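Chemist: Pasting data27.txt below, which is compact mmCIF, C-alpha atoms and all ligand atoms.
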```txt
# COMPACT_ATOMS: atom_id res chain seq x y z
CA MET O 1 -20.21 -66.25 7.67
CA THR O 2 -23.67 -66.10 9.07
CA GLN O 3 -25.00 -62.67 9.84
CA PHE O 4 -26.66 -64.16 12.82
CA GLY O 5 -24.03 -65.04 15.36
CA HIS O 6 -23.55 -64.82 19.04
CA ASN O 7 -20.56 -64.96 21.39
CA VAL O 8 -20.12 -64.87 25.05
CA ASP O 9 -16.59 -64.34 26.28
CA SER O 10 -17.17 -66.61 29.18
CA GLU O 11 -18.69 -70.00 29.94
CA PRO O 12 -22.47 -70.50 29.89
CA VAL O 13 -22.51 -69.70 33.59
CA ALA O 14 -22.39 -65.99 32.72
CA ASP O 15 -25.89 -65.81 34.14
CA LEU O 16 -24.61 -66.96 37.47
CA LYS O 17 -21.72 -64.54 37.39
CA ALA O 18 -24.23 -61.79 36.76
CA GLY O 19 -25.80 -62.69 40.08
CA ILE O 20 -22.42 -62.54 41.77
CA ASP O 21 -21.85 -59.16 40.23
CA PRO O 22 -18.05 -59.00 40.28
CA GLN O 23 -17.53 -55.77 38.44
CA SER O 24 -19.62 -53.07 40.00
CA PRO O 25 -17.39 -50.23 41.05
CA PRO O 26 -17.08 -49.77 44.82
CA GLU O 27 -18.25 -46.15 44.60
CA GLN O 28 -21.78 -47.45 44.02
CA GLU O 29 -22.17 -47.92 47.74
CA SER O 30 -25.57 -46.34 47.72
CA VAL O 31 -26.85 -49.27 45.68
CA LYS O 32 -25.23 -51.99 47.78
CA LYS O 33 -24.47 -50.81 51.23
CA ASN O 34 -21.78 -53.24 52.12
CA THR O 35 -19.02 -53.86 49.61
CA LYS O 36 -17.62 -56.56 51.88
CA GLU O 37 -20.40 -58.76 50.54
CA ARG O 38 -18.71 -58.70 47.17
CA MET O 39 -17.00 -61.89 46.19
CA LEU O 40 -14.75 -62.78 43.31
CA PRO O 41 -16.37 -65.23 40.87
CA ALA O 42 -13.66 -67.85 41.53
CA ASP O 43 -14.38 -67.74 45.27
CA ALA O 44 -18.10 -67.98 44.65
CA PHE O 45 -17.68 -71.03 42.42
CA ALA O 46 -15.36 -72.62 44.96
CA LEU O 47 -18.08 -72.25 47.57
CA LEU O 48 -20.50 -74.06 45.30
CA GLY O 49 -18.18 -76.95 44.51
CA ASN O 50 -19.89 -79.26 46.95
CA ASP O 51 -23.00 -81.38 46.41
CA THR O 52 -24.38 -80.77 49.89
CA ARG O 53 -24.37 -77.01 49.31
CA ILE O 54 -26.16 -77.41 46.00
CA ASP O 55 -28.63 -79.74 47.78
CA ILE O 56 -29.25 -77.05 50.41
CA LEU O 57 -30.06 -74.47 47.73
CA GLN O 58 -32.33 -76.96 46.01
CA ALA O 59 -34.03 -77.80 49.35
CA LEU O 60 -34.68 -74.11 49.95
CA LEU O 61 -36.46 -73.95 46.63
CA ASP O 62 -38.45 -77.14 47.29
CA ALA O 63 -39.48 -75.75 50.68
CA ASN O 64 -40.79 -72.63 48.97
CA ALA O 65 -38.23 -70.25 50.46
CA ASP O 66 -39.27 -67.71 47.82
CA LYS O 67 -42.44 -67.21 49.88
CA THR O 68 -41.49 -67.89 53.48
CA PRO O 69 -38.17 -68.47 55.23
CA VAL O 70 -37.34 -72.10 56.00
CA GLY O 71 -36.30 -73.18 59.49
CA PHE O 72 -33.03 -75.02 60.22
CA THR O 73 -34.76 -78.29 61.17
CA GLU O 74 -36.92 -78.44 58.08
CA LEU O 75 -33.95 -77.66 55.86
CA PHE O 76 -31.82 -80.32 57.57
CA GLU O 77 -34.56 -82.93 57.09
CA ARG O 78 -34.82 -82.14 53.41
CA VAL O 79 -31.11 -82.60 52.73
CA ASP O 80 -29.67 -86.10 52.57
CA ILE O 81 -27.01 -85.76 55.25
CA ALA O 82 -26.81 -87.60 58.57
CA ASP O 83 -24.63 -85.31 60.62
CA SER O 84 -26.23 -82.02 61.64
CA ALA O 85 -22.88 -80.43 62.52
CA ASN O 86 -21.60 -81.20 59.04
CA PHE O 87 -24.86 -79.88 57.59
CA ASN O 88 -24.51 -76.70 59.63
CA TYR O 89 -20.94 -76.25 58.39
CA HIS O 90 -22.09 -76.24 54.74
CA LEU O 91 -25.08 -74.06 55.57
CA GLN O 92 -22.79 -71.46 57.14
CA LYS O 93 -20.58 -71.46 54.05
CA LEU O 94 -23.58 -70.45 51.95
CA THR O 95 -24.88 -67.92 54.42
CA ASP O 96 -24.25 -64.27 53.63
CA HIS O 97 -23.56 -64.57 49.95
CA PHE O 98 -26.05 -67.11 48.63
CA ILE O 99 -28.59 -67.32 51.41
CA LYS O 100 -29.68 -65.11 54.24
CA ARG O 101 -30.52 -65.99 57.80
CA THR O 102 -33.48 -64.17 59.25
CA GLU O 103 -35.35 -64.52 62.55
CA ASP O 104 -37.84 -66.85 60.82
CA GLY O 105 -35.31 -69.01 59.04
CA TYR O 106 -33.28 -69.12 55.84
CA GLU O 107 -34.11 -67.54 52.51
CA PHE O 108 -32.41 -66.87 49.19
CA ARG O 109 -30.20 -63.98 48.39
CA HIS O 110 -30.28 -63.07 44.72
CA PRO O 111 -27.09 -64.98 43.74
CA GLY O 112 -28.39 -68.12 45.48
CA ARG O 113 -31.68 -67.92 43.62
CA LYS O 114 -29.71 -67.48 40.38
CA VAL O 115 -27.76 -70.67 41.07
CA VAL O 116 -30.99 -72.61 41.48
CA SER O 117 -32.47 -71.07 38.31
CA SER O 118 -29.32 -71.99 36.41
CA ILE O 119 -29.52 -75.58 37.59
CA PHE O 120 -33.12 -75.81 36.43
CA ALA O 121 -32.24 -74.15 33.12
CA GLY O 122 -29.60 -76.86 32.81
CA THR O 123 -26.78 -74.43 32.12
CA LEU O 124 -24.62 -75.72 34.97
CA THR O 125 -25.20 -79.43 34.88
CA ASP O 126 -26.86 -81.06 31.89
CA ARG O 127 -25.51 -82.03 28.54
CA ALA O 128 -28.19 -82.53 25.95
CA GLU O 129 -28.09 -83.16 22.26
CA LEU O 130 -30.84 -83.42 19.70
CA GLY O 131 -30.15 -84.79 16.24
CA PHE O 132 -31.70 -83.56 13.04
CA PHE O 133 -35.37 -82.73 13.09
CA SER O 134 -37.37 -81.15 10.31
CA VAL O 135 -38.43 -77.53 10.62
CA ASN O 136 -41.40 -75.91 8.87
CA GLY O 137 -40.67 -73.39 6.16
CA SER O 138 -38.16 -73.29 3.34
CA CYS O 139 -34.77 -71.82 2.60
CA HIS O 140 -34.80 -68.19 1.42
CA THR O 141 -31.86 -68.87 -0.88
CA CYS O 142 -32.78 -72.15 -2.60
CA GLU O 143 -36.24 -73.07 -1.26
CA GLY O 144 -34.78 -76.30 0.14
CA ASN O 145 -36.13 -77.96 3.29
CA LEU O 146 -35.09 -76.73 6.72
CA HIS O 147 -33.67 -78.83 9.50
CA GLY O 148 -32.78 -78.08 13.07
CA TRP O 149 -30.24 -79.60 15.45
CA TYR O 150 -29.05 -79.00 18.98
CA VAL O 151 -25.39 -79.54 19.82
CA ASP O 152 -23.20 -77.99 22.53
CA GLU O 153 -26.18 -76.06 23.87
CA VAL O 154 -26.69 -74.26 20.58
CA LEU O 155 -29.82 -74.66 18.50
CA THR O 156 -29.37 -74.20 14.77
CA VAL O 157 -31.89 -73.98 11.94
CA ALA O 158 -30.37 -74.36 8.49
CA CYS O 159 -31.09 -75.46 4.94
CA VAL O 160 -30.14 -79.07 4.24
CA ASP O 161 -29.55 -78.37 0.55
CA CYS O 162 -27.38 -75.25 0.45
CA SER O 163 -26.31 -75.18 4.16
CA THR O 164 -27.43 -71.59 4.66
CA VAL O 165 -27.78 -71.07 8.40
CA LEU O 166 -30.91 -69.10 9.26
CA VAL O 167 -30.34 -68.96 12.99
CA SER O 168 -27.86 -70.44 15.43
CA TYR O 169 -28.13 -69.39 19.04
CA PRO O 170 -27.40 -70.80 22.53
CA PHE O 171 -30.43 -72.21 24.29
CA PRO O 172 -30.40 -73.72 27.82
CA PRO O 173 -30.78 -77.52 27.71
CA GLY O 174 -33.56 -77.42 30.32
CA GLY O 175 -35.69 -75.82 27.59
CA LEU O 176 -35.70 -79.13 25.66
CA GLU O 177 -37.49 -81.02 28.40
CA GLU O 178 -41.10 -82.02 27.85
CA ARG O 179 -41.37 -80.17 24.57
CA THR O 180 -42.03 -81.54 21.11
CA SER O 181 -39.71 -80.20 18.42
CA GLU O 182 -42.53 -77.88 17.34
CA GLU O 183 -42.91 -76.53 20.88
CA LEU O 184 -39.16 -76.25 21.23
CA LEU O 185 -38.94 -74.12 18.09
CA GLN O 186 -41.72 -71.88 19.35
CA ALA O 187 -39.94 -71.40 22.69
CA PHE O 188 -36.65 -70.84 20.89
CA HIS O 189 -38.27 -68.17 18.70
CA HIS O 190 -39.53 -66.27 21.77
CA TYR O 191 -36.22 -66.62 23.61
CA VAL O 192 -34.00 -65.41 20.77
CA ARG O 193 -36.40 -62.68 19.69
CA HIS O 194 -36.49 -61.27 23.21
CA HIS O 195 -32.72 -61.39 23.51
CA TYR O 196 -32.30 -59.40 20.32
CA CYS O 197 -35.02 -56.93 21.23
CA MET O 198 -33.47 -56.37 24.66
CA ALA O 199 -30.01 -55.89 23.20
CA ALA O 200 -31.41 -53.47 20.61
CA ASP O 201 -33.06 -51.59 23.48
CA GLY O 202 -29.70 -51.27 25.24
CA VAL O 203 -30.12 -53.90 27.98
CA CYS O 204 -27.84 -56.95 28.19
CA PRO O 205 -29.89 -60.19 28.10
CA GLU O 206 -27.23 -61.89 30.25
CA CYS O 207 -26.45 -59.39 33.00
CA THR O 208 -28.79 -56.38 32.43
CA GLY O 209 -25.73 -54.15 31.92
CA THR O 210 -25.65 -51.43 29.28
CA VAL O 211 -25.40 -52.60 25.69
CA GLU O 212 -23.92 -50.45 22.97
CA THR O 213 -25.01 -51.01 19.42
CA GLU O 214 -22.89 -50.30 16.39
CA LEU O 215 -23.69 -50.66 12.73
CA VAL O 216 -20.56 -51.84 10.98
CA ASN O 217 -20.35 -51.44 7.22
CA GLU O 218 -17.69 -53.71 5.80
CA SER O 219 -19.00 -53.69 2.25
CA ASP O 220 -16.29 -53.27 -0.37
CA GLU O 221 -16.09 -51.97 -3.91
CA ASN O 222 -16.45 -55.46 -5.34
CA SER O 223 -20.05 -55.34 -4.20
CA ASN O 224 -19.48 -57.73 -1.33
CA PHE O 225 -22.26 -56.47 0.84
CA ASP O 226 -21.45 -56.88 4.51
CA LEU O 227 -23.42 -54.90 7.02
CA ILE O 228 -23.42 -56.17 10.59
CA VAL O 229 -25.15 -54.95 13.68
CA GLU O 230 -22.93 -55.46 16.71
CA HIS O 231 -24.36 -55.31 20.19
CA SER O 232 -21.84 -55.46 23.01
CA CYS O 233 -22.32 -55.34 26.75
CA GLN O 234 -20.04 -52.86 28.48
CA ARG O 235 -20.18 -54.89 31.64
CA CYS O 236 -19.94 -58.65 31.02
CA GLY O 237 -18.51 -58.72 27.51
CA TYR O 238 -21.56 -60.47 26.03
CA SER O 239 -21.78 -59.72 22.35
CA LEU O 240 -24.30 -60.34 19.60
CA GLN O 241 -24.08 -59.87 15.89
CA SER O 242 -27.12 -59.77 13.68
CA SER O 243 -28.63 -58.66 10.43
CA VAL O 244 -30.28 -55.25 10.46
CA GLY O 245 -33.79 -56.64 10.00
CA VAL O 246 -34.01 -58.65 13.20
CA ASN O 247 -33.67 -55.41 15.14
CA LEU O 248 -36.99 -54.30 13.66
CA LEU O 249 -38.96 -57.22 15.13
CA ASP O 250 -40.53 -55.11 17.84
CA ASN O 251 -40.84 -51.91 15.85
CA ALA O 252 -44.45 -50.69 16.12
CA GLU O 253 -44.87 -49.95 12.41
CA VAL O 254 -43.34 -53.23 11.33
CA LEU O 255 -45.64 -55.11 13.74
CA LEU O 256 -48.69 -53.17 12.52
CA PHE O 257 -47.82 -53.67 8.84
CA HIS O 258 -47.78 -57.43 9.41
CA SER O 259 -50.82 -57.66 11.67
CA GLN O 260 -52.89 -55.75 9.12
CA ARG O 261 -51.96 -58.50 6.69
CA GLY O 262 -52.79 -61.35 9.05
CA ILE O 263 -49.32 -62.10 10.41
CA ASP O 264 -48.40 -61.91 14.07
CA LEU O 265 -44.67 -61.25 14.27
CA SER O 266 -44.57 -62.07 17.97
CA THR O 267 -45.50 -65.73 17.32
CA GLU O 268 -44.43 -66.40 13.71
CA PRO O 269 -40.86 -67.76 13.84
CA PHE O 270 -38.63 -64.91 12.74
CA TRP O 271 -36.46 -67.15 10.54
CA HIS O 272 -39.44 -67.43 8.18
CA PHE O 273 -38.66 -63.87 7.08
CA GLU O 274 -35.72 -63.29 4.80
CA TRP O 275 -35.42 -59.64 5.89
CA CYS O 276 -34.84 -60.88 9.46
CA VAL O 277 -32.11 -63.43 8.88
CA SER O 278 -30.14 -61.97 6.00
CA ASN O 279 -29.27 -58.62 4.54
CA THR O 280 -30.56 -59.38 1.05
CA ARG O 281 -33.39 -56.91 1.53
CA THR O 282 -31.20 -54.22 3.04
CA THR O 283 -29.63 -51.46 0.93
CA ILE O 284 -27.18 -48.71 1.84
CA LEU O 285 -28.67 -45.35 0.87
CA SER O 286 -25.69 -43.26 1.93
CA ASP O 287 -22.28 -43.91 3.45
CA ASP O 288 -21.64 -40.80 5.43
CA PRO O 289 -23.70 -40.43 7.45
CA LEU O 290 -24.69 -44.06 7.15
CA GLN O 291 -28.29 -44.48 6.09
CA ILE O 292 -29.85 -47.79 5.18
CA ARG O 293 -33.18 -49.13 4.05
CA VAL O 294 -34.84 -52.46 4.75
CA ASP O 295 -37.59 -53.56 2.33
CA ILE O 296 -40.07 -55.80 4.10
CA PRO O 297 -42.52 -57.67 1.86
CA CYS O 298 -45.85 -59.03 3.08
CA ALA O 299 -48.95 -60.14 1.16
CA GLY O 300 -47.82 -58.40 -2.03
CA ASP O 301 -47.13 -55.06 -0.31
CA GLU O 302 -43.81 -53.77 0.90
CA LEU O 303 -42.86 -51.70 3.92
CA ARG O 304 -39.72 -49.65 3.37
CA VAL O 305 -37.94 -48.69 6.57
CA VAL O 306 -35.09 -46.18 6.61
CA LEU O 307 -32.64 -46.27 9.53
CA ASP O 308 -29.67 -44.16 10.58
CA GLU O 309 -26.31 -45.36 11.88
CA THR O 310 -27.71 -45.75 15.40
CA LEU O 311 -30.42 -48.06 14.01
CA SER O 312 -33.13 -45.50 14.74
CA VAL O 313 -35.99 -45.57 12.26
CA THR O 314 -36.14 -42.21 10.47
CA GLU O 315 -38.75 -42.92 7.82
CA THR O 316 -41.23 -45.59 6.73
CA ALA O 317 -43.37 -45.93 3.62
CA ILE O 318 -45.69 -48.61 2.29
CA GLN O 319 -45.60 -49.59 -1.37
CA GLU O 320 -48.83 -51.41 -2.21
CA GLN O 321 -49.32 -54.41 -4.48
CA LEU O 322 -45.77 -54.53 -5.80
CA SER O 323 -46.12 -58.08 -6.96
CA SER O 324 -49.37 -57.72 -8.94
ZN ZN O 401 -30.95 -73.48 0.81
ZN ZN O 402 -23.85 -58.11 30.10
```
Rewrite the coordinates I just gave you, this time as structure tokens.
Ligand SMILES: [Zn+2]
Ligand SMILES: [Zn+2]
Modeler:
Amino acid sequence: MTQFGHNVDSEPVADLKAGIDPQSPPEQESVKKNTKERMLPADAFALLGNDTRIDILQALLDANADKTPVGFTELFERVDIADSANFNYHLQKLTDHFIKRTEDGYEFRHPGRKVVSSIFAGTLTDRAELGFFSVNGSCHTCEGNLHGWYVDEVLTVACVDCSTVLVSYPFPPGGLEERTSEELLQAFHHYVRHHYCMAADGVCPECTGTVETELVNESDENSNFDLIVEHSCQRCGYSLQSSVGVNLLDNAEVLLFHSQRGIDLSTEPFWHFEWCVSNTRTTILSDDPLQIRVDIPCAGDELRVVLDETLSVTETAIQEQLSS
């Protein structure tokens, strides 16, 4: 099993559901004044199951409704529909939940803007695939060449020789457009890195709900080392599993250790680092309470980072010129 997995309990439209916000308890009335605005996800999707309504949302975007409200006439002219009564019918269906009518015209409500973003990200409509392409770097296990592929909206980087998967993570198909494979990998690096950093900081990358992080030690006496970091959103059910190391990608001392040795961890693809994508450089120092250490090599030196069971860094030390 790869240490670097990801699940979402729901379809890729989780982002959209986040905008619809089905689960906030009604007692939070101070945040949203009118709970009547709440809508079940199924009702919201039913409202969107019509091309004219999607066209209206798209037209609002094209008419720059983010900046200024768009009048009825302009909106009607932008949508390919002959009958203004019919147009008005669909417009009214969207009004209140997805768009808002003001004195100056129509503008987005947050869920409506989310729908449009999702369409552009390709998560609602497109199906894209990208066959094998070569990826810079080499396998940490066998030094074989790396290849990437994109299937079912998941981008994977793996070794062609020993099949070790370095990273496999959902990526919106819109992100493939107008990018070379090199640019795609760079964008993918930023996207995944930020998701993990957000989750490690306790914020769900899908719905901004609260994420709880647990370090699960399933190592056994037969020296099968299995230490997994599990992030799970208490609100939308989004969950992420990872190695320990990837959670250190935005740790100040880890960043500094690398930058002093000429490596910028914010731009260097994280799968180039074995400590990020596997647990081979992680050791368990004590079981109870759980204490672990990650040894991070760079330019002949090594940064040793000690963490507790909440993944908080408790100690760091640099060992110089280990390899000389
Ligand atoms: Zn390999
Ligand atoms: Zn969430």
Chemist: Could you pull the residues within 7 Å of region 258-274 of chain O, counting all atoms listed in the file, minus those fewer than 6 positions along the same chain, as a list in words?
Modeler: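 These residues fall inside the cut-off: Gly137, His140, Leu166, Val167, Gln186, His189, Cys298 and Ala299 of chain O.
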Chemist: How would the residues just picked look written out with C-alpha atoms as a short mmCIF file (atom, residue, chain, number, x, y, z; two decimals), in the coordinates of the input?
Modeler:
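As written to disk, selection.cif reads:
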```cif
data_model
loop_
_atom_site.label_atom_id
_atom_site.label_comp_id
_atom_site.auth_asym_id
_atom_site.auth_seq_id
_atom_site.Cartn_x
_atom_site.Cartn_y
_atom_site.Cartn_z
CA GLY O 137 -40.67 -73.39 6.16
CA HIS O 140 -34.80 -68.19 1.42
CA LEU O 166 -30.91 -69.10 9.26
CA VAL O 167 -30.34 -68.96 12.99
CA GLN O 186 -41.72 -71.88 19.35
CA HIS O 189 -38.27 -68.17 18.70
CA CYS O 298 -45.85 -59.03 3.08
CA ALA O 299 -48.95 -60.14 1.16
#
```
Chemist: Using only C-alpha atoms and all ligand atoms for the distances, tell me which of O:Cys204, O:Leu60, O:Leu75, O:Cys276 is nearest to ligand ZN 402 (chain O).
Modeler: O:Cys204
Chemist: Pick out the closest residue to Cys142 (chain O) from this set: O:Ser312, O:Asn217, O:Ser168, O:Ser163. Count all atoms listed in the file.
Modeler: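 When distances to Cys142 (chain O) are compared using all atoms listed in the file, the smallest one comes from O:Ser163.
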Chemist: How close does each residue of chain O get to ligand ZN 402 (chain O), giving the shortest atom pair and distance in Å to one decimal for every residue with an atom at most 7 Å away, counting only C-alpha atoms and all ligand atoms, sorted by chain and residue number, as a tab-separated table?
Modeler:
```
residue	atom	partner	partner_atom	distance
O:Cys204	CA	O:ZN402	ZN	4.6
O:Pro205	CA	O:ZN402	ZN	6.7
O:Glu206	CA	O:ZN402	ZN	5.1
O:Cys207	CA	O:ZN402	ZN	4.1
O:Thr208	CA	O:ZN402	ZN	5.7
O:Gly209	CA	O:ZN402	ZN	4.7
O:Thr210	CA	O:ZN402	ZN	7.0
O:Cys233	CA	O:ZN402	ZN	4.6
O:Gln234	CA	O:ZN402	ZN	6.7
O:Arg235	CA	O:ZN402	ZN	5.1
O:Cys236	CA	O:ZN402	ZN	4.1
O:Gly237	CA	O:ZN402	ZN	6.0
O:Tyr238	CA	O:ZN402	ZN	5.2
```
Chemist: How many Å separate CA of Ile56 (chain O) from CA of Arg179 (chain O)?
Modeler: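 A separation of 28.7 Å between them.
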Chemist: Write as a ChimeraX atom specification the residues around ligand ZN 401 (chain O), taking 6 Å as the cut-off and counting only C-alpha atoms and all ligand atoms.
Modeler: /O:139,141-144,159,161-164
Chemist: Please indicate the distance in Å from CA of Val211 (chain O) to CA of Ser232 (chain O), rounded to one decimal place.
Modeler: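 Result for CA of Val211 (chain O) versus CA of Ser232 (chain O): 5.3 Å, one decimal.
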Chemist: For the atom pair CA of Ile284 (chain O) and CA of Ala252 (chain O), what is the interatomic distance in Å to one decimal place?
Modeler: 22.5 Å
